[in-house]
$ cat start.tsv   # TSV, C-alpha atoms and all ligand atoms
chain	number	residue	atom	x	y	z
A	3	MET	CA	169.96	-191.79	33.95
A	4	ALA	CA	167.14	-189.32	33.33
A	5	PRO	CA	167.12	-186.15	35.35
A	6	SER	CA	164.81	-186.62	38.29
A	7	CYS	CA	164.28	-183.01	39.08
A	8	PHE	CA	162.76	-180.15	37.19
A	9	TYR	CA	163.51	-176.68	38.26
A	10	PRO	CA	160.43	-174.55	37.59
A	11	THR	CA	162.08	-172.03	35.33
A	12	SER	CA	164.94	-172.60	33.00
A	13	LEU	CA	168.05	-171.15	34.56
A	14	PRO	CA	170.30	-169.04	32.41
A	15	HIS	CA	173.59	-170.75	32.00
A	16	SER	CA	176.27	-169.61	34.31
A	17	GLN	CA	179.02	-167.35	33.08
A	18	LEU	CA	182.10	-168.34	34.84
A	19	PRO	CA	182.53	-166.79	38.26
A	20	LEU	CA	185.60	-168.99	38.51
A	21	ALA	CA	187.39	-167.17	35.76
A	22	ILE	CA	186.37	-163.80	37.13
A	23	LEU	CA	187.86	-164.69	40.46
A	24	ALA	CA	191.00	-165.99	38.87
A	25	LEU	CA	191.43	-162.70	37.12
A	26	PHE	CA	191.08	-160.76	40.34
A	27	THR	CA	193.49	-163.04	42.08
A	28	PHE	CA	196.56	-160.91	42.33
A	29	VAL	CA	197.89	-159.13	45.36
A	30	ARG	CA	199.85	-156.06	44.56
A	31	PRO	CA	199.52	-152.54	45.82
A	32	ILE	CA	198.19	-150.32	43.08
A	33	SER	CA	201.35	-148.67	41.98
A	34	SER	CA	200.86	-147.06	38.64
A	35	ALA	CA	198.47	-144.96	36.68
A	36	VAL	CA	197.72	-147.90	34.44
A	37	GLN	CA	196.56	-150.07	37.28
A	38	ALA	CA	194.88	-147.32	39.22
A	39	ASP	CA	192.72	-146.27	36.35
A	40	ILE	CA	191.38	-149.68	35.50
A	41	LEU	CA	191.20	-150.98	39.03
A	42	GLY	CA	189.29	-147.89	40.05
A	43	GLY	CA	186.54	-149.61	38.15
A	44	ALA	CA	186.68	-152.63	40.42
A	45	ALA	CA	185.43	-150.38	43.18
A	46	ALA	CA	182.22	-150.00	41.27
A	47	LEU	CA	181.47	-153.63	41.98
A	48	THR	CA	180.62	-152.76	45.54
A	49	LEU	CA	179.91	-149.05	45.55
A	50	SER	CA	176.96	-147.08	44.38
A	51	PRO	CA	177.82	-144.66	41.61
A	52	ALA	CA	177.57	-141.78	44.07
A	53	ALA	CA	180.17	-143.17	46.42
A	54	ASN	CA	183.61	-141.68	46.37
A	55	SER	CA	185.86	-144.60	45.60
A	56	SER	CA	189.06	-142.74	46.40
A	57	SER	CA	188.10	-142.46	50.08
A	58	VAL	CA	187.39	-146.16	50.50
A	59	SER	CA	190.13	-148.64	51.19
A	60	PHE	CA	189.80	-152.21	50.09
A	61	ASP	CA	191.07	-155.26	51.88
A	62	TYR	CA	192.62	-157.08	48.95
A	63	THR	CA	194.14	-159.70	51.19
A	64	ASP	CA	190.73	-160.70	52.45
A	65	ALA	CA	189.36	-160.72	48.92
A	66	LEU	CA	192.22	-162.93	47.85
A	67	SER	CA	191.68	-165.39	50.69
A	68	LYS	CA	187.97	-165.60	49.98
A	69	SER	CA	188.45	-166.09	46.25
A	70	LEU	CA	190.70	-169.05	46.95
A	71	LEU	CA	188.07	-170.47	49.31
A	72	PHE	CA	185.61	-170.16	46.47
A	73	PHE	CA	187.82	-172.46	44.41
A	74	GLN	CA	187.47	-175.01	47.20
A	75	VAL	CA	183.71	-174.66	47.07
A	76	GLN	CA	183.83	-175.53	43.38
A	77	ARG	CA	185.86	-178.71	43.84
A	78	SER	CA	184.59	-181.91	42.33
A	79	GLY	CA	185.65	-185.41	43.29
A	80	LYS	CA	187.12	-186.87	46.44
A	81	LEU	CA	188.04	-184.03	48.77
A	82	HIS	CA	191.42	-183.87	50.43
A	83	GLU	CA	192.53	-183.33	53.97
A	84	ASN	CA	193.48	-179.81	52.78
A	85	GLN	CA	189.81	-179.02	52.21
A	86	ARG	CA	189.05	-175.95	54.33
A	87	VAL	CA	185.45	-175.48	53.22
A	88	THR	CA	184.05	-178.28	55.30
A	89	TRP	CA	180.41	-178.04	54.30
A	90	ARG	CA	181.37	-179.51	50.94
A	91	GLY	CA	181.59	-183.29	50.57
A	92	ASP	CA	182.81	-185.80	48.01
A	93	SER	CA	180.91	-185.74	44.73
A	94	ALA	CA	180.90	-187.13	41.20
A	95	LEU	CA	183.11	-190.02	42.22
A	96	LEU	CA	182.13	-192.04	39.15
A	97	ASP	CA	182.93	-189.42	36.53
A	98	GLY	CA	184.31	-191.18	33.47
A	99	ILE	CA	183.27	-194.67	34.57
A	100	ASP	CA	181.01	-195.27	31.56
A	101	GLU	CA	184.04	-194.71	29.34
A	102	ASN	CA	186.38	-196.75	31.51
A	103	VAL	CA	188.43	-193.73	32.49
A	104	ASP	CA	188.91	-191.83	35.72
A	105	LEU	CA	187.68	-188.29	35.24
A	106	THR	CA	187.07	-187.48	38.88
A	107	GLY	CA	188.30	-184.20	40.29
A	108	GLY	CA	188.59	-180.77	38.74
A	109	TYR	CA	186.19	-177.90	39.15
A	110	TYR	CA	182.51	-177.38	38.61
A	111	ASP	CA	181.72	-174.47	36.40
A	112	ALA	CA	179.65	-172.12	38.51
A	113	GLY	CA	176.10	-172.45	39.78
A	114	ASP	CA	175.96	-175.73	37.88
A	115	ASN	CA	177.71	-179.05	38.25
A	116	VAL	CA	179.22	-179.41	34.80
A	117	LYS	CA	182.96	-179.60	34.33
A	118	PHE	CA	183.66	-177.55	31.20
A	119	GLY	CA	187.25	-178.04	30.13
A	120	PHE	CA	187.54	-174.88	28.07
A	121	PRO	CA	186.79	-172.21	30.70
A	122	MET	CA	188.26	-174.41	33.47
A	123	SER	CA	191.58	-174.49	31.65
A	124	PHE	CA	191.58	-170.76	30.99
A	125	THR	CA	190.86	-170.17	34.66
A	126	LEU	CA	193.84	-172.30	35.57
A	127	THR	CA	196.11	-170.61	33.05
A	128	VAL	CA	195.33	-167.19	34.48
A	129	LEU	CA	195.39	-168.38	38.08
A	130	ALA	CA	198.86	-169.79	37.42
A	131	TRP	CA	199.90	-166.54	35.77
A	132	GLY	CA	198.71	-164.60	38.82
A	133	ALA	CA	200.65	-166.93	41.10
A	134	LEU	CA	203.77	-166.51	38.97
A	135	GLU	CA	203.63	-162.75	38.78
A	136	ASN	CA	202.76	-162.25	42.41
A	137	ALA	CA	204.37	-165.06	44.37
A	138	ALA	CA	205.65	-162.58	46.94
A	139	GLY	CA	202.20	-161.08	47.37
A	140	PHE	CA	200.61	-164.49	47.84
A	141	GLN	CA	203.36	-165.30	50.29
A	142	SER	CA	202.82	-162.21	52.42
A	143	ALA	CA	199.07	-162.84	52.38
A	144	GLY	CA	199.72	-166.37	53.63
A	145	GLU	CA	198.08	-167.77	50.51
A	146	LEU	CA	200.95	-169.14	48.46
A	147	SER	CA	200.35	-172.75	49.35
A	148	ASN	CA	196.60	-172.28	48.92
A	149	VAL	CA	196.94	-170.92	45.41
A	150	ARG	CA	199.29	-173.74	44.48
A	151	GLN	CA	196.78	-176.24	45.81
A	152	ALA	CA	194.01	-174.55	43.84
A	153	ILE	CA	196.07	-174.85	40.66
A	154	LYS	CA	197.06	-178.44	41.34
A	155	TRP	CA	193.46	-179.43	41.97
A	156	GLY	CA	192.76	-178.37	38.41
A	157	THR	CA	195.90	-179.63	36.74
A	158	ASP	CA	195.58	-183.07	38.37
A	159	TYR	CA	192.26	-183.29	36.59
A	160	LEU	CA	193.67	-182.01	33.29
A	161	LEU	CA	196.37	-184.69	33.49
A	162	LYS	CA	193.64	-187.34	33.74
A	163	ALA	CA	191.61	-185.75	30.96
A	164	SER	CA	194.65	-185.66	28.66
A	165	ALA	CA	196.11	-189.06	29.58
A	166	ASP	CA	195.24	-190.52	26.15
A	167	VAL	CA	196.40	-187.63	23.99
A	168	PRO	CA	196.89	-187.80	21.01
A	169	THR	CA	194.12	-190.39	20.80
A	170	ARG	CA	191.59	-188.26	22.66
A	171	LEU	CA	191.15	-185.47	25.16
A	172	TRP	CA	188.21	-185.41	27.56
A	173	VAL	CA	186.77	-181.92	27.48
A	174	GLN	CA	183.57	-182.00	29.51
A	175	VAL	CA	181.79	-184.06	32.13
A	176	GLY	CA	178.11	-183.49	32.80
A	177	ASP	CA	175.25	-182.64	30.52
A	178	GLY	CA	174.73	-178.89	30.38
A	179	ASP	CA	171.08	-179.04	29.34
A	180	ALA	CA	170.00	-181.61	31.91
A	181	ASP	CA	172.12	-180.01	34.60
A	182	HIS	CA	170.59	-176.61	34.06
A	183	GLN	CA	167.14	-178.06	34.67
A	184	CYS	CA	168.21	-179.19	38.11
A	185	TRP	CA	169.54	-177.02	40.85
A	186	GLN	CA	171.11	-179.72	42.97
A	187	ARG	CA	173.99	-180.09	45.34
A	188	PRO	CA	176.88	-181.86	43.62
A	189	GLU	CA	177.00	-184.33	46.53
A	190	THR	CA	173.52	-185.62	45.70
A	191	MET	CA	173.01	-184.72	42.05
A	192	THR	CA	171.06	-187.11	39.85
A	193	THR	CA	171.74	-185.69	36.40
A	194	PRO	CA	173.76	-187.60	33.78
A	195	ARG	CA	177.53	-187.39	34.04
A	196	THR	CA	178.17	-187.80	30.35
A	197	ALA	CA	181.81	-187.47	29.37
A	198	PHE	CA	182.64	-185.70	26.10
A	199	GLN	CA	185.82	-186.17	24.15
A	200	ILE	CA	187.59	-184.61	21.21
A	201	ASN	CA	189.83	-186.71	19.02
A	202	VAL	CA	191.53	-186.90	15.64
A	203	SER	CA	188.28	-187.18	13.71
A	204	ASN	CA	186.48	-184.63	15.89
A	205	PRO	CA	189.11	-182.12	16.92
A	206	GLY	CA	188.56	-179.11	19.13
A	207	THR	CA	191.50	-176.82	18.77
A	208	GLU	CA	190.39	-174.14	21.23
A	209	VAL	CA	189.91	-176.43	24.19
A	210	ALA	CA	192.97	-178.55	23.39
A	211	ALA	CA	195.24	-175.51	23.06
A	212	GLU	CA	193.85	-173.93	26.21
A	213	THR	CA	194.49	-177.17	28.07
A	214	ALA	CA	198.08	-177.04	26.84
A	215	ALA	CA	198.40	-173.42	27.98
A	216	ALA	CA	197.12	-174.27	31.47
A	217	LEU	CA	199.51	-177.20	31.83
A	218	ALA	CA	202.47	-175.12	30.65
A	219	ALA	CA	201.67	-172.16	32.90
A	220	ALA	CA	201.20	-174.46	35.88
A	221	SER	CA	204.52	-176.18	35.15
A	222	LEU	CA	206.21	-172.85	35.90
A	223	VAL	CA	204.38	-172.51	39.20
A	224	PHE	CA	205.71	-175.87	40.37
A	225	LYS	CA	209.16	-175.56	38.85
A	226	HIS	CA	210.94	-174.92	42.15
A	227	VAL	CA	208.33	-176.58	44.35
A	228	ASP	CA	207.91	-180.01	42.83
A	229	ALA	CA	210.27	-180.52	39.92
A	230	ALA	CA	208.87	-183.92	38.92
A	231	TYR	CA	205.31	-182.63	38.79
A	232	SER	CA	206.43	-179.56	36.88
A	233	LYS	CA	208.18	-181.69	34.30
A	234	LEU	CA	205.16	-183.92	33.92
A	235	LEU	CA	202.97	-180.88	33.29
A	236	LEU	CA	205.35	-179.45	30.72
A	237	THR	CA	205.77	-182.72	28.84
A	238	ARG	CA	202.02	-183.17	28.70
A	239	ALA	CA	201.52	-179.56	27.66
A	240	ALA	CA	203.80	-180.11	24.67
A	241	MET	CA	201.88	-183.24	23.64
A	242	VAL	CA	198.51	-181.58	23.97
A	243	PHE	CA	199.75	-178.59	21.99
A	244	GLU	CA	200.92	-180.84	19.13
A	245	PHE	CA	197.50	-182.47	19.14
A	246	ALA	CA	195.77	-179.08	19.09
A	247	ASP	CA	197.98	-177.74	16.32
A	248	GLN	CA	197.91	-180.80	14.13
A	249	TYR	CA	194.19	-181.53	14.16
A	250	ARG	CA	192.47	-178.23	13.69
A	251	ALA	CA	188.78	-177.53	13.93
A	252	SER	CA	186.83	-174.94	15.79
A	253	ASN	CA	184.91	-176.84	18.40
A	254	THR	CA	185.10	-176.37	22.11
A	255	GLY	CA	182.86	-179.37	22.61
A	256	GLU	CA	180.99	-177.06	24.93
A	257	CYS	CA	178.79	-174.95	22.73
A	258	PRO	CA	176.12	-173.58	23.32
A	259	PHE	CA	177.49	-173.00	26.82
A	260	TYR	CA	180.98	-171.90	25.90
A	261	CYS	CA	181.14	-171.25	22.20
A	262	SER	CA	184.34	-169.83	20.85
A	263	TYR	CA	183.59	-166.64	18.96
A	264	SER	CA	187.19	-165.67	18.41
A	265	GLY	CA	188.20	-168.90	16.67
A	266	TYR	CA	191.23	-170.95	17.64
A	267	ASN	CA	194.17	-168.85	16.48
A	268	ASP	CA	194.37	-167.04	19.79
A	269	GLU	CA	194.43	-170.26	21.81
A	270	LEU	CA	197.12	-171.78	19.59
A	271	VAL	CA	199.47	-168.81	19.94
A	272	TRP	CA	198.61	-168.42	23.62
A	273	ALA	CA	199.60	-172.05	24.21
A	274	ALA	CA	202.78	-171.57	22.19
A	275	ALA	CA	203.60	-168.44	24.21
A	276	TRP	CA	203.20	-170.33	27.48
A	277	LEU	CA	205.24	-173.23	26.18
A	278	PHE	CA	207.94	-170.78	25.12
A	279	LYS	CA	207.94	-169.23	28.58
A	280	ALA	CA	207.86	-172.60	30.33
A	281	SER	CA	210.54	-174.20	28.15
A	282	GLY	CA	213.10	-171.78	29.54
A	283	GLY	CA	215.09	-170.98	26.47
A	284	ARG	CA	214.89	-170.21	22.81
A	285	SER	CA	212.67	-172.91	21.42
A	286	LYS	CA	210.51	-173.84	18.46
A	287	TYR	CA	207.64	-172.17	20.29
A	288	LEU	CA	209.14	-168.74	19.77
A	289	ASP	CA	209.35	-169.49	16.06
A	290	TYR	CA	205.73	-170.54	16.19
A	291	VAL	CA	204.79	-167.21	17.76
A	292	GLN	CA	206.91	-165.36	15.21
A	293	GLU	CA	205.16	-167.09	12.32
A	294	ALA	CA	201.78	-166.52	13.88
A	295	VAL	CA	202.46	-162.81	14.18
A	296	ASP	CA	203.71	-162.69	10.59
A	297	GLU	CA	200.49	-164.38	9.49
A	298	ASN	CA	198.38	-161.96	11.51
A	299	MET	CA	197.09	-164.67	13.79
A	300	VAL	CA	197.52	-162.35	16.77
A	301	GLU	CA	194.91	-159.65	16.55
A	302	SER	CA	194.47	-156.27	18.17
A	303	THR	CA	191.53	-156.60	20.53
A	304	PHE	CA	190.08	-154.86	23.55
A	305	GLU	CA	188.79	-157.99	25.32
A	306	PHE	CA	190.65	-160.54	27.39
A	307	SER	CA	188.47	-163.47	28.41
A	308	TRP	CA	187.98	-167.25	28.33
A	309	ASP	CA	187.17	-166.80	24.65
A	310	ASN	CA	189.65	-164.17	23.52
A	311	LYS	CA	193.33	-164.33	24.43
A	312	HIS	CA	195.00	-162.20	21.77
A	313	ALA	CA	195.98	-159.45	24.20
A	314	GLY	CA	197.12	-162.03	26.71
A	315	VAL	CA	199.50	-163.49	24.14
A	316	ALA	CA	201.11	-160.09	23.69
A	317	VAL	CA	201.59	-159.47	27.39
A	318	VAL	CA	202.94	-162.97	28.10
A	319	ILE	CA	205.53	-162.60	25.37
A	320	LEU	CA	206.55	-159.09	26.42
A	321	GLY	CA	207.15	-160.36	29.94
A	322	SER	CA	209.65	-162.97	28.88
A	323	SER	CA	213.17	-161.98	29.82
A	324	LEU	CA	214.48	-164.39	27.22
A	325	PHE	CA	212.90	-162.41	24.49
A	326	ASP	CA	215.26	-160.40	22.32
A	327	LYS	CA	214.38	-156.82	23.02
A	328	GLU	CA	215.42	-155.54	19.61
A	329	THR	CA	213.45	-157.62	17.18
A	330	ALA	CA	210.67	-156.56	14.92
A	331	LEU	CA	208.59	-159.26	16.56
A	332	ARG	CA	208.78	-157.39	19.81
A	333	ALA	CA	207.52	-154.22	18.16
A	334	ALA	CA	204.66	-156.05	16.52
A	335	ILE	CA	203.71	-157.77	19.76
A	336	LYS	CA	203.92	-154.54	21.72
A	337	GLU	CA	201.57	-152.89	19.26
A	338	ARG	CA	198.92	-155.49	20.19
A	339	ALA	CA	199.47	-155.01	23.90
A	340	ASP	CA	199.32	-151.23	23.61
A	341	TYR	CA	196.17	-151.40	21.54
A	342	PHE	CA	194.47	-153.33	24.32
A	343	MET	CA	195.69	-151.02	27.09
A	344	CYS	CA	194.83	-147.81	25.27
A	345	ALA	CA	191.39	-149.18	24.41
A	346	ASN	CA	190.70	-149.92	28.06
A	347	LEU	CA	192.33	-146.90	29.67
A	348	ALA	CA	190.22	-143.81	30.08
A	349	GLY	CA	191.41	-140.35	29.13
A	350	ASN	CA	193.31	-141.08	25.97
A	351	PRO	CA	192.23	-140.70	22.37
A	352	LEU	CA	192.40	-144.43	21.67
A	353	ASN	CA	190.04	-145.38	24.48
A	354	GLN	CA	187.18	-147.56	23.23
A	355	VAL	CA	185.69	-149.36	26.20
A	356	GLU	CA	183.01	-147.45	28.02
A	357	LYS	CA	182.66	-147.16	31.75
A	358	THR	CA	179.62	-147.28	33.99
A	359	PRO	CA	178.81	-144.14	35.98
A	360	GLY	CA	180.61	-145.76	38.93
A	361	GLY	CA	183.74	-146.30	36.85
A	362	LEU	CA	183.61	-149.99	35.99
A	363	LEU	CA	184.76	-150.95	32.52
A	364	TYR	CA	181.68	-151.91	30.60
A	365	LEU	CA	182.13	-154.11	27.58
A	366	ARG	CA	179.05	-156.25	27.40
A	367	GLU	CA	175.74	-156.75	29.15
A	368	TRP	CA	176.22	-160.35	30.20
A	369	ALA	CA	178.75	-161.18	32.95
A	370	ASN	CA	180.57	-157.91	32.38
A	371	THR	CA	182.84	-158.14	35.41
A	372	GLN	CA	184.90	-160.82	33.70
A	373	TYR	CA	186.01	-158.27	31.11
A	374	ALA	CA	186.77	-155.63	33.74
A	375	GLY	CA	188.67	-158.28	35.69
A	376	GLY	CA	190.54	-159.40	32.59
A	377	ALA	CA	191.57	-155.85	31.74
A	378	ALA	CA	192.59	-155.12	35.33
A	379	PHE	CA	194.70	-158.24	35.43
A	380	LEU	CA	196.48	-157.64	32.12
A	381	ALA	CA	197.07	-153.99	33.00
A	382	ALA	CA	198.50	-154.92	36.39
A	383	VAL	CA	200.90	-157.38	34.78
A	384	TYR	CA	201.82	-155.05	31.93
A	385	ALA	CA	202.40	-152.14	34.29
A	386	ASP	CA	205.16	-154.15	35.92
A	387	TYR	CA	206.88	-154.63	32.57
A	388	LEU	CA	206.82	-150.96	31.63
A	389	SER	CA	210.00	-148.98	32.03
A	390	LEU	CA	211.89	-146.13	30.43
A	391	SER	CA	212.79	-148.47	27.59
A	392	MET	CA	209.24	-149.73	27.27
A	393	LEU	CA	206.64	-147.02	27.58
A	394	LEU	CA	202.96	-147.38	26.91
A	395	ILE	CA	202.01	-144.65	24.47
A	396	CYS	CA	198.39	-143.97	23.61
A	397	LEU	CA	198.90	-141.38	20.90
A	398	PHE	CA	199.99	-138.42	23.03
A	399	GLN	CA	199.47	-139.98	26.47
A	400	VAL	CA	202.50	-141.72	27.90
A	401	PHE	CA	202.42	-144.26	30.72
A	402	MET	CA	205.28	-146.04	32.41
B	1	LIG	C1	185.56	-188.92	18.65
B	1	LIG	O1	184.84	-187.88	19.24
B	1	LIG	C2	183.50	-187.82	18.84
B	1	LIG	C3	182.93	-186.54	19.42
B	1	LIG	O2	183.04	-186.52	20.81
B	1	LIG	C4	182.77	-189.07	19.27
B	1	LIG	O3	181.43	-189.02	18.84
B	1	LIG	C5	183.48	-190.27	18.65
B	1	LIG	O4	182.87	-191.46	19.14
B	1	LIG	C6	184.93	-190.24	19.01
B	1	LIG	N1	185.63	-191.29	18.28
B	1	LIG	C7	186.14	-192.35	18.87
B	1	LIG	C8	186.87	-193.29	17.98
B	1	LIG	O5	186.02	-192.58	20.06
$ encode --input "start.tsv" --output "structure tokens"
Amino acid sequence: MAPSCFYPTSLPHSQLPLAILALFTFVRPISSAVQADILGGAAALTLSPAANSSSVSFDYTDALSKSLLFFQVQRSGKLHENQRVTWRGDSALLDGIDENVDLTGGYYDAGDNVKFGFPMSFTLTVLAWGALENAAGFQSAGELSNVRQAIKWGTDYLLKASADVPTRLWVQVGDGDADHQCWQRPETMTTPRTAFQINVSNPGTEVAAETAAALAAASLVFKHVDAAYSKLLLTRAAMVFEFADQYRASNTGECPFYCSYSGYNDELVWAAAWLFKASGGRSKYLDYVQEAVDENMVESTFEFSWDNKHAGVAVVILGSSLFDKETALRAAIKERADYFMCANLAGNPLNQVEKTPGGLLYLREWANTQYAGGAAFLAAVYADYLSLSMLLICLFQVFM
């Protein structure tokens, strides 16, 4: 089907509001210097540089509720009775039909109607992480069941997309170029719903490993809620990880919209870290992480995003209570986590990321809030892990 609409100017491709929201989706009073410093920057999203952010209080509960509503707005497929955003209707009900598969469901990317598996999976991984770290906060905000539903809406789709692994994994539905010519409602869109796959002869390690990470992280969210579903997610995660690890090539299937600049090492170790955490015991995944660290596959970086998960790997691993606190691996991993935190925290000699005059972390011109959100999220999680026996030291500045 040829696109039947032509938007007068070419729209820049969207940069993932979903992921940004996922990263902000945690409810926790700001309780430490680490969080306060980075989150202070979040205030700059809404305040002019002149405003005094310390005198303004933010309603994080309301922000949380609205961000979860946004996930409902982005839903693709046949909507449920739990749909609270009622101006949305069913859409893309034939996704996958040309390939004889059911690829309905999941999330649209942003201002467009493409389902990009790579950023969608990352969004789900981090959303699940937020739900895991802050279940009590979600609960007190009355949002625990909503966040679980938001995760399940995505993982139900990933289960369909990965049903034929290791033969193939569906990584995208919708044609980015045609879609970006047409600003249409998903309910009435006329652009092609092409389905894209990766497979043994055309692997895509980044997207496959990120899919595995999302499934593994979500399996933990449902562990005590729906044991059968949780098990299904974990089993599938393991299969998708094998597929990702065995057939390696850098291809998200989604370039030029979501090109992986950081390569696939970070996704592979990230997936292994989540599988380690989700497997609930010492497992081959910890050995995988160990080897990866030995081979320098986990880098020191100052960005945490849909593309770059190195710092996320470090924080996930440090948060595992199963992890032997004495090993050299722990020290090596902590070095990566500390590098990220020191680079993002102001007022220490290892700080690298600039701030705007209003105090927002400023990494890059395009869609910068995702990096500020990523840093705020990782810092919030890491702050909870810090203790007298695990300090964050940025040369001579000590945080706990
Ligand atoms: C494998 O994936 C590539 C890229 O999406 C596709 O062109 C090819 O047809 C697929 N191979 C099979 C056997 O389906």
$ closest_residue --input "start.tsv" --among "A:Asp97, A:Asp181, A:Glu135, A:Glu305" --to "A:Thr371" --atoms "all atoms listed in the file"
A:Glu305
$ residues_near_point --input "start.tsv" --point "(184.2, -171.3, 30.0)" --cutoff "7 Å" --atoms "only C-alpha atoms" --output "list in words"
Leu18, Phe118, Phe120, Pro121, Met122, Tyr260 and Trp308 of chain A
$ atom_distance --input "start.tsv" --atom1 "atom CA of A:Ala330" --atom2 "atom CA of A:Leu390"
18.7 Å
$ residues_around --input "start.tsv" --residues "A:Asn310" --least-positions-apart "3" --cutoff "9 Å" --atoms "only C-alpha atoms" --output "PDB file with C-alpha atoms, in the coordinates of the input"
ATOM      1  CA  SER A 262     184.340-169.830  20.850  1.00  0.00           C
ATOM      2  CA  TYR A 263     183.590-166.640  18.960  1.00  0.00           C
ATOM      3  CA  SER A 264     187.190-165.670  18.410  1.00  0.00           C
ATOM      4  CA  GLY A 265     188.200-168.900  16.670  1.00  0.00           C
ATOM      5  CA  ASP A 268     194.370-167.040  19.790  1.00  0.00           C
ATOM      6  CA  GLU A 269     194.430-170.260  21.810  1.00  0.00           C
ATOM      7  CA  THR A 303     191.530-156.600  20.530  1.00  0.00           C
ATOM      8  CA  GLU A 305     188.790-157.990  25.320  1.00  0.00           C
ATOM      9  CA  PHE A 306     190.650-160.540  27.390  1.00  0.00           C
ATOM     10  CA  SER A 307     188.470-163.470  28.410  1.00  0.00           C
ATOM     11  CA  ALA A 313     195.980-159.450  24.200  1.00  0.00           C
ATOM     12  CA  GLY A 314     197.120-162.030  26.710  1.00  0.00           C
TER      13      GLY A 314
END
$ closest_residue --input "start.tsv" --among "A:Thr127, A:Gln199, A:Asn298, A:Gln292" --to "A:Ala214" --atoms "only C-alpha atoms"
A:Thr127
$ atom_distance --input "start.tsv" --atom1 "atom CA of A:Phe198" --atom2 "atom CA of A:Leu235"
22.1 Å
$ closest_atom_pairs --input "start.tsv" --of "chain A" --to "ligand LIG 1 (chain B)" --cutoff "10 Å" --atoms "only C-alpha atoms and all ligand atoms" --output "CSV"
residue,atom,partner,partner_atom,distance
A:Glu101,CA,B:LIG1,O5,9.7
A:Thr169,CA,B:LIG1,C8,8.3
A:Arg170,CA,B:LIG1,C1,7.3
A:Leu171,CA,B:LIG1,O1,9.0
A:Trp172,CA,B:LIG1,O2,8.6
A:Val173,CA,B:LIG1,O2,8.9
A:Gln174,CA,B:LIG1,O2,9.8
A:Ala197,CA,B:LIG1,O2,8.7
A:Phe198,CA,B:LIG1,O2,5.4
A:Gln199,CA,B:LIG1,O2,4.4
A:Ile200,CA,B:LIG1,O1,4.7
A:Asn201,CA,B:LIG1,C1,4.8
A:Val202,CA,B:LIG1,C1,7.0
A:Ser203,CA,B:LIG1,C1,5.9
A:Asn204,CA,B:LIG1,O1,4.9
A:Pro205,CA,B:LIG1,O1,7.5
A:Gly206,CA,B:LIG1,C3,9.3
A:Asn253,CA,B:LIG1,C3,10.0
A:Gly255,CA,B:LIG1,O2,7.4
$ closest_residue --input "start.tsv" --among "A:Gly132, A:Gly178, A:Gly139, A:Pro359" --to "A:Ala220" --atoms "only C-alpha atoms"
A:Gly132
$ closest_residue --input "start.tsv" --among "A:Glu212, A:Glu301, A:Asp386, A:Glu256" --to "A:Leu320" --atoms "all atoms listed in the file"
A:Asp386
$ atom_distance --input "start.tsv" --atom1 "atom CA of A:Tyr384" --atom2 "atom CA of A:Asn267"
22.1 Å
$ residues_near_point --input "start.tsv" --point "(206.8, -172.5, 18.5)" --cutoff "12 Å" --atoms "all atoms listed in the file" --output "list in words"
Ala240, Phe243, Glu244, Asp247, Leu270, Val271, Trp272, Ala273, Ala274, Ala275, Trp276, Leu277, Phe278, Lys279, Ala280, Ser281, Gly283, Arg284, Ser285, Lys286, Tyr287, Leu288, Asp289, Tyr290, Val291, Gln292, Glu293, Ala294 and Val295 of chain A
$ axis_aligned_box --input "start.tsv" --around "stretch 197-214 of chain A" --padding-each-side "8 Å" --output "JSON"
{"center_x": 189.9, "center_y": -180.7, "center_z": 21.5, "size_x": 32.3, "size_y": 29.5, "size_z": 31.7}
$ residues_around --input "start.tsv" --residues "A:Asp104" --least-positions-apart "6" --cutoff "9 Å" --atoms "only C-alpha atoms" --output "PyMOL selection string"
chain A and resi 95-98+162-163
$ closest_residue --input "start.tsv" --among "A:Ser59, A:Arg250, A:Thr329, A:Phe304" --to "A:Leu363" --atoms "only C-alpha atoms"
A:Phe304
$ residues_around --input "start.tsv" --residues "A:Gly79" --least-positions-apart "5" --cutoff "7 Å" --atoms "only C-alpha atoms" --output "number ranges by chain"
A: 92-95, 106-107
$ residues_around --input "start.tsv" --residues "A:Tyr231" --least-positions-apart "6" --cutoff "10 Å" --atoms "all atoms listed in the file" --output "list in words"
Lys154, Asp158, Ala220, Ser221, Phe224, Lys225 and Thr237 of chain A
$ residues_around --input "start.tsv" --residues "A:Leu236" --least-positions-apart "3" --cutoff "7 Å" --atoms "only C-alpha atoms" --output "PDB file with C-alpha atoms, keeping the file's coordinate frame"
ATOM      1  CA  LEU A 217     199.510-177.200  31.830  1.00  0.00           C
ATOM      2  CA  ALA A 218     202.470-175.120  30.650  1.00  0.00           C
ATOM      3  CA  SER A 221     204.520-176.180  35.150  1.00  0.00           C
ATOM      4  CA  SER A 232     206.430-179.560  36.880  1.00  0.00           C
ATOM      5  CA  LYS A 233     208.180-181.690  34.300  1.00  0.00           C
ATOM      6  CA  ALA A 239     201.520-179.560  27.660  1.00  0.00           C
ATOM      7  CA  ALA A 240     203.800-180.110  24.670  1.00  0.00           C
TER       8      ALA A 240
END
